[in-house]
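final_31.cif follows (mmCIF, C-alpha atoms and all ligand atoms):
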```cif
data_start
#
loop_
_atom_site.label_atom_id
_atom_site.label_comp_id
_atom_site.auth_asym_id
_atom_site.auth_seq_id
_atom_site.Cartn_x
_atom_site.Cartn_y
_atom_site.Cartn_z
CA MET I 201 129.70 89.75 81.11
CA PRO I 202 128.45 89.01 84.65
CA TYR I 203 125.04 90.24 85.66
CA LEU I 204 125.21 93.64 87.39
CA LEU I 205 122.61 95.09 89.69
CA SER I 206 121.54 98.46 88.29
CA THR I 207 123.22 100.27 91.20
CA GLN I 208 126.50 98.53 90.39
CA HIS I 209 126.60 99.56 86.76
CA PRO I 210 129.71 101.72 86.26
CA TYR I 211 127.93 104.29 84.08
CA LEU I 212 125.51 105.10 86.89
CA TYR I 213 128.32 106.60 88.97
CA ARG I 214 129.00 110.22 88.10
CA MET I 215 132.51 110.36 89.44
CA ALA I 216 134.69 108.95 92.14
CA GLU I 217 133.95 111.17 95.12
CA ASN I 218 137.46 111.39 96.38
CA LEU I 219 139.65 114.39 96.70
CA ASN I 220 143.18 114.89 95.47
CA ILE I 221 144.86 116.64 98.41
CA THR I 222 147.86 118.64 97.32
CA THR I 223 150.96 118.47 99.48
CA SER I 224 151.94 121.99 98.44
CA THR I 225 152.43 124.28 101.42
CA ASP I 226 151.54 127.31 99.29
CA LYS I 227 148.03 128.42 100.24
CA SER I 228 147.14 129.76 96.78
CA GLU I 229 148.26 126.50 95.18
CA GLN I 230 146.14 124.57 97.67
CA TYR I 231 143.07 126.59 96.73
CA GLN I 232 143.88 126.34 93.01
CA SER I 233 144.06 122.57 93.29
CA LEU I 234 140.85 122.42 95.29
CA ILE I 235 138.55 124.79 93.41
CA PRO I 236 138.16 122.76 90.17
CA GLN I 237 137.56 119.67 92.29
CA ILE I 238 134.81 121.42 94.24
CA ALA I 239 133.32 122.64 90.95
CA ALA I 240 133.32 119.02 89.68
CA LEU I 241 131.71 117.75 92.89
CA LEU I 242 128.91 120.31 92.56
CA SER I 243 128.36 120.06 88.82
CA GLY I 244 125.09 118.41 87.92
CA GLU I 245 124.02 118.13 91.57
CA PRO I 246 121.12 120.49 92.34
CA ASP I 247 120.72 119.64 96.03
CA LEU I 248 121.84 122.54 98.22
CA VAL I 249 122.54 120.56 101.39
CA ALA I 250 124.55 117.95 99.50
CA ASN I 251 126.65 120.64 97.86
CA LEU I 252 127.24 122.67 101.03
CA ALA I 253 128.19 119.46 102.86
CA ASN I 254 130.75 118.54 100.20
CA ILE I 255 132.26 122.04 100.22
CA CYS I 256 132.78 121.78 104.01
CA ALA I 257 134.31 118.33 103.71
CA ALA I 258 136.63 119.34 100.85
CA LEU I 259 137.86 122.46 102.68
CA ARG I 260 138.41 120.58 105.93
CA GLU I 261 140.23 117.73 104.18
CA GLN I 262 142.63 120.08 102.43
CA PHE I 263 143.23 122.64 105.17
CA LYS I 264 142.52 120.70 108.41
CA TRP I 265 140.85 123.77 109.90
CA PHE I 266 139.16 123.44 113.28
CA TRP I 267 135.62 124.16 112.05
CA VAL I 268 134.11 124.76 108.61
CA GLY I 269 130.40 125.25 108.11
CA PHE I 270 127.47 127.11 106.68
CA TYR I 271 124.73 129.05 108.41
CA LEU I 272 121.60 129.54 106.29
CA VAL I 273 119.43 132.66 106.38
CA LYS I 274 115.99 131.65 107.63
CA GLY I 275 113.72 134.60 108.35
CA ASP I 276 115.55 136.98 110.66
CA GLU I 277 118.08 134.40 111.85
CA LEU I 278 120.99 132.33 110.66
CA VAL I 279 120.43 128.62 111.26
CA LEU I 280 123.21 126.06 111.37
CA GLY I 281 123.60 124.13 108.12
CA PRO I 282 126.09 121.54 106.90
CA PHE I 283 129.41 121.69 108.75
CA GLN I 284 132.53 119.75 109.72
CA GLY I 285 133.86 120.06 113.24
CA THR I 286 132.57 120.20 116.78
CA VAL I 287 128.92 120.82 117.64
CA ALA I 288 128.00 124.47 117.25
CA CYS I 289 125.46 127.17 118.08
CA THR I 290 122.33 126.57 116.03
CA ARG I 291 120.81 130.07 115.69
CA ILE I 292 122.42 133.50 115.30
CA ALA I 293 120.43 136.74 115.03
CA LYS I 294 121.16 139.26 112.30
CA GLY I 295 124.02 141.52 113.37
CA ARG I 296 125.10 139.19 116.20
CA GLY I 297 128.58 137.66 116.31
CA VAL I 298 130.89 137.53 113.33
CA CYS I 299 128.38 135.54 111.27
CA GLY I 300 125.48 137.90 111.92
CA ALA I 301 127.72 140.91 111.22
CA ALA I 302 128.92 139.45 107.88
CA TRP I 303 125.27 138.86 106.96
CA GLN I 304 124.23 142.38 107.97
CA GLN I 305 127.17 144.06 106.21
CA GLY I 306 127.08 141.74 103.18
CA LYS I 307 130.84 141.42 103.18
CA THR I 308 133.60 139.05 104.20
CA LEU I 309 134.87 139.58 107.75
CA LEU I 310 138.39 138.58 108.76
CA VAL I 311 138.87 138.20 112.50
CA PRO I 312 142.54 137.63 113.39
CA ASP I 313 141.75 137.39 117.12
CA VAL I 314 138.22 136.43 118.13
CA ASP I 315 138.70 137.90 121.62
CA ALA I 316 139.19 141.31 120.04
CA PHE I 317 135.91 141.15 118.08
CA PRO I 318 133.10 142.76 120.08
CA GLY I 319 130.18 140.35 120.33
CA HIS I 320 132.02 137.32 119.00
CA ILE I 321 129.98 134.17 119.72
CA ALA I 322 132.24 131.47 121.13
CA CYS I 323 130.72 128.17 120.02
CA SER I 324 134.04 126.64 121.03
CA SER I 325 136.61 128.13 123.36
CA LEU I 326 139.29 126.58 121.12
CA SER I 327 138.53 128.91 118.22
CA ARG I 328 141.09 131.76 118.09
CA SER I 329 140.60 133.30 114.64
CA GLU I 330 137.83 133.25 112.09
CA ILE I 331 136.69 134.23 108.61
CA VAL I 332 133.07 134.58 107.55
CA VAL I 333 132.12 134.87 103.87
CA PRO I 334 128.60 135.78 102.78
CA VAL I 335 126.95 133.61 100.12
CA PHE I 336 124.69 135.56 97.80
CA ASP I 337 121.57 134.44 95.98
CA LYS I 338 120.03 136.96 93.58
CA GLY I 339 121.87 139.83 95.25
CA LEU I 340 120.85 138.93 98.82
CA VAL I 341 122.83 137.09 101.49
CA ALA I 342 121.31 133.61 101.64
CA ALA I 343 123.97 131.95 103.81
CA VAL I 344 127.40 132.51 105.31
CA LEU I 345 130.44 130.28 105.23
CA ASP I 346 132.18 130.33 108.61
CA VAL I 347 135.69 128.98 109.12
CA ASP I 348 137.37 128.82 112.53
CA SER I 349 140.96 128.12 113.45
CA GLU I 350 142.69 127.22 116.70
CA THR I 351 145.55 129.47 115.57
CA LEU I 352 145.53 133.26 115.92
CA ASN I 353 145.75 135.20 112.65
CA GLN I 354 145.07 132.14 110.49
CA PHE I 355 143.21 133.87 107.65
CA ASP I 356 144.07 136.71 105.30
CA GLU I 357 142.96 138.32 102.04
CA THR I 358 144.10 135.26 100.07
CA ASP I 359 141.61 133.12 101.98
CA ALA I 360 138.94 135.78 101.49
CA ASP I 361 139.52 135.88 97.71
CA TYR I 362 139.46 132.12 97.22
CA LEU I 363 136.64 131.39 99.64
CA GLU I 364 134.55 134.04 97.86
CA GLN I 365 135.25 132.20 94.58
CA ILE I 366 134.22 128.91 96.17
CA VAL I 367 130.89 130.17 97.53
CA LYS I 368 130.03 131.57 94.09
CA LEU I 369 129.88 127.93 92.93
CA VAL I 370 126.81 127.39 95.15
CA ASN I 371 123.53 127.34 93.25
CA PHE I 372 120.41 128.01 95.33
CA ILE I 373 117.91 127.27 92.48
N1 LIG G 401 131.93 132.51 116.09
C1 LIG G 401 130.73 132.68 115.31
C2 LIG G 401 129.65 131.71 115.72
C3 LIG G 401 129.64 130.44 114.95
S1 LIG G 401 130.78 129.35 115.46
O1 LIG G 401 132.11 129.90 115.47
C4 LIG G 401 130.72 127.92 114.63
C5 LIG G 401 130.22 134.10 115.42
O2 LIG G 401 130.74 134.88 116.22
O3 LIG G 401 129.30 134.45 114.70
#
```

Written as structure tokens, that's how I'd like the structure from this file.
Amino acid sequence: MPYLLSTQHPYLYRMAENLNITTSTDKSEQYQSLIPQIAALLSGEPDLVANLANICAALREQFKWFWVGFYLVKGDELVLGPFQGTVACTRIAKGRGVCGAAWQQGKTLLVPDVDAFPGHIACSSLSRSEIVVPVFDKGLVAAVLDVDSETLNQFDETDADYLEQIVKLVNFI
């Protein structure tokens, strides 16, 4: 057997970090294919940033949404965390915008038309609809998952249900 550097030894790799993207056009099937893969990516990895980053990447790869990212509760503000998409606003006060409102209300907010949401914060003028899902740690909102689309009316209760399942996989430790 040829000599292997320790970092090349096959047993040191936990799994191949690649995603099986389903070609199904059914949204529930897409989530059902993705969720166990996200669970596998997160399993055994305690690092919060690494896990949030992989959730964003997995969601964006499957759904090709315009922007997917987390804002983390830090004091009385949300601060931009791992995301995929264009550069974004870094700080959002509690109650401000869709993200701050989802934090304050502790519930998922579906925004079919961002222009119709009072106080919506336009990080990008291309965003037309949005969903924000709170992420809880020990009963308190510790982060929000924000997803933006260039299409009006992109998100519905199906997205809310599955995205809520996905954020429950996050372990804050
Ligand atoms: N639209 C959000 C701000 C965050 S960006 O969309 C990435 C809001 O109103 O809270």

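Residues in contact with ligand LIG 401 (chain G) (atom pairs separated by at most 7 Å; only C-alpha atoms and all ligand atoms) are Trp267, Ala288, Cys289, Ile292, Arg296, Gly297, Val298, Cys299, Gly300, Gly319, His320, Ile321, Ala322, Cys323, Ser324, Asp346 and Asp348 of chain I.
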
Could you dump the residues just selected with C-alpha atoms as an mmCIF file, in the frame of the given file?
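File produced: out32.cif:
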```cif
data_model
loop_
_atom_site.group_PDB
_atom_site.id
_atom_site.type_symbol
_atom_site.label_atom_id
_atom_site.label_comp_id
_atom_site.auth_asym_id
_atom_site.auth_seq_id
_atom_site.Cartn_x
_atom_site.Cartn_y
_atom_site.Cartn_z
ATOM 1 C CA TRP I 267 135.620 124.160 112.050
ATOM 2 C CA ALA I 288 128.000 124.470 117.250
ATOM 3 C CA CYS I 289 125.460 127.170 118.080
ATOM 4 C CA ILE I 292 122.420 133.500 115.300
ATOM 5 C CA ARG I 296 125.100 139.190 116.200
ATOM 6 C CA GLY I 297 128.580 137.660 116.310
ATOM 7 C CA VAL I 298 130.890 137.530 113.330
ATOM 8 C CA CYS I 299 128.380 135.540 111.270
ATOM 9 C CA GLY I 300 125.480 137.900 111.920
ATOM 10 C CA GLY I 319 130.180 140.350 120.330
ATOM 11 C CA HIS I 320 132.020 137.320 119.000
ATOM 12 C CA ILE I 321 129.980 134.170 119.720
ATOM 13 C CA ALA I 322 132.240 131.470 121.130
ATOM 14 C CA CYS I 323 130.720 128.170 120.020
ATOM 15 C CA SER I 324 134.040 126.640 121.030
ATOM 16 C CA ASP I 346 132.180 130.330 108.610
ATOM 17 C CA ASP I 348 137.370 128.820 112.530
#
```

Please tabulate, as JSON lines, the residues of region 270-301 of chain I that come within 8 Å of region 251-265 of chain I, each with its closest pair of atoms and the distance in Å to one decimal, counting only C-alpha atoms and ordering rows by chain, then residue number upward.
```
{"residue": "I:Phe270", "atom": "CA", "partner": "I:Leu252", "partner_atom": "CA", "distance": 7.2}
{"residue": "I:Pro282", "atom": "CA", "partner": "I:Ala253", "partner_atom": "CA", "distance": 5.0}
{"residue": "I:Phe283", "atom": "CA", "partner": "I:Cys256", "partner_atom": "CA", "distance": 5.8}
{"residue": "I:Gln284", "atom": "CA", "partner": "I:Cys256", "partner_atom": "CA", "distance": 6.1}
```

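Rounded to one decimal, CA of Gln230 (chain I) and CA of Ala360 (chain I) lie 13.9 Å from each other.
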
Give as an MDAnalysis selection string every residue, naming chains and numbers as the document does, that has an atom within 8 Å of (137.7, 129.1, 103.0), counting only C-alpha atoms.
chainID I and resid 259 268 331 345:347 359:360 362:364 366

Would you mind reading off the distance between CA of Phe372 (chain I) and CA of Val335 (chain I), one decimal, in Å?
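So the answer is 9.9 Å.
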
Any idea what the distance is between CA of Ala240 (chain I) and CA of Thr222 (chain I)?
16.4 Å

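Distances from I:Ser243, I:Thr358, I:Ser327, I:Asn218 to Val370 (chain I) were compared using all atoms listed in the file, and the smallest one belongs to I:Ser243.
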
Selected residue of minimal separation from Gly306 (chain I) among I:Phe336, I:Ala250, I:Phe355, I:Asp276, counting all atoms listed in the file:
I:Phe336

Nearest to Gln304 (chain I), restricted to all atoms listed in the file and choosing among I:Gly244, I:Leu280, I:Val341, I:Thr225, comes out as I:Val341

Between I:Val287, I:Val367, I:Ser325, I:Asn353, single out the one closest to Thr308 (chain I), counting all atoms listed in the file.
I:Val367

Return the single residue from I:Ala343, I:Leu248, I:Val314, I:Leu242 that is closest to Lys294 (chain I), with distances computed using all atoms listed in the file.
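For Lys294 (chain I), the nearest of the given residues is I:Ala343.
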
Find the residue from I:Asp247, I:Asp337, I:Asp356, I:Glu350 that sits nearest to Val273 (chain I); use only C-alpha atoms when measuring.
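Comparing I:Asp247, I:Asp337, I:Asp356, I:Glu350 against Val273 (chain I), the winner is I:Asp337.
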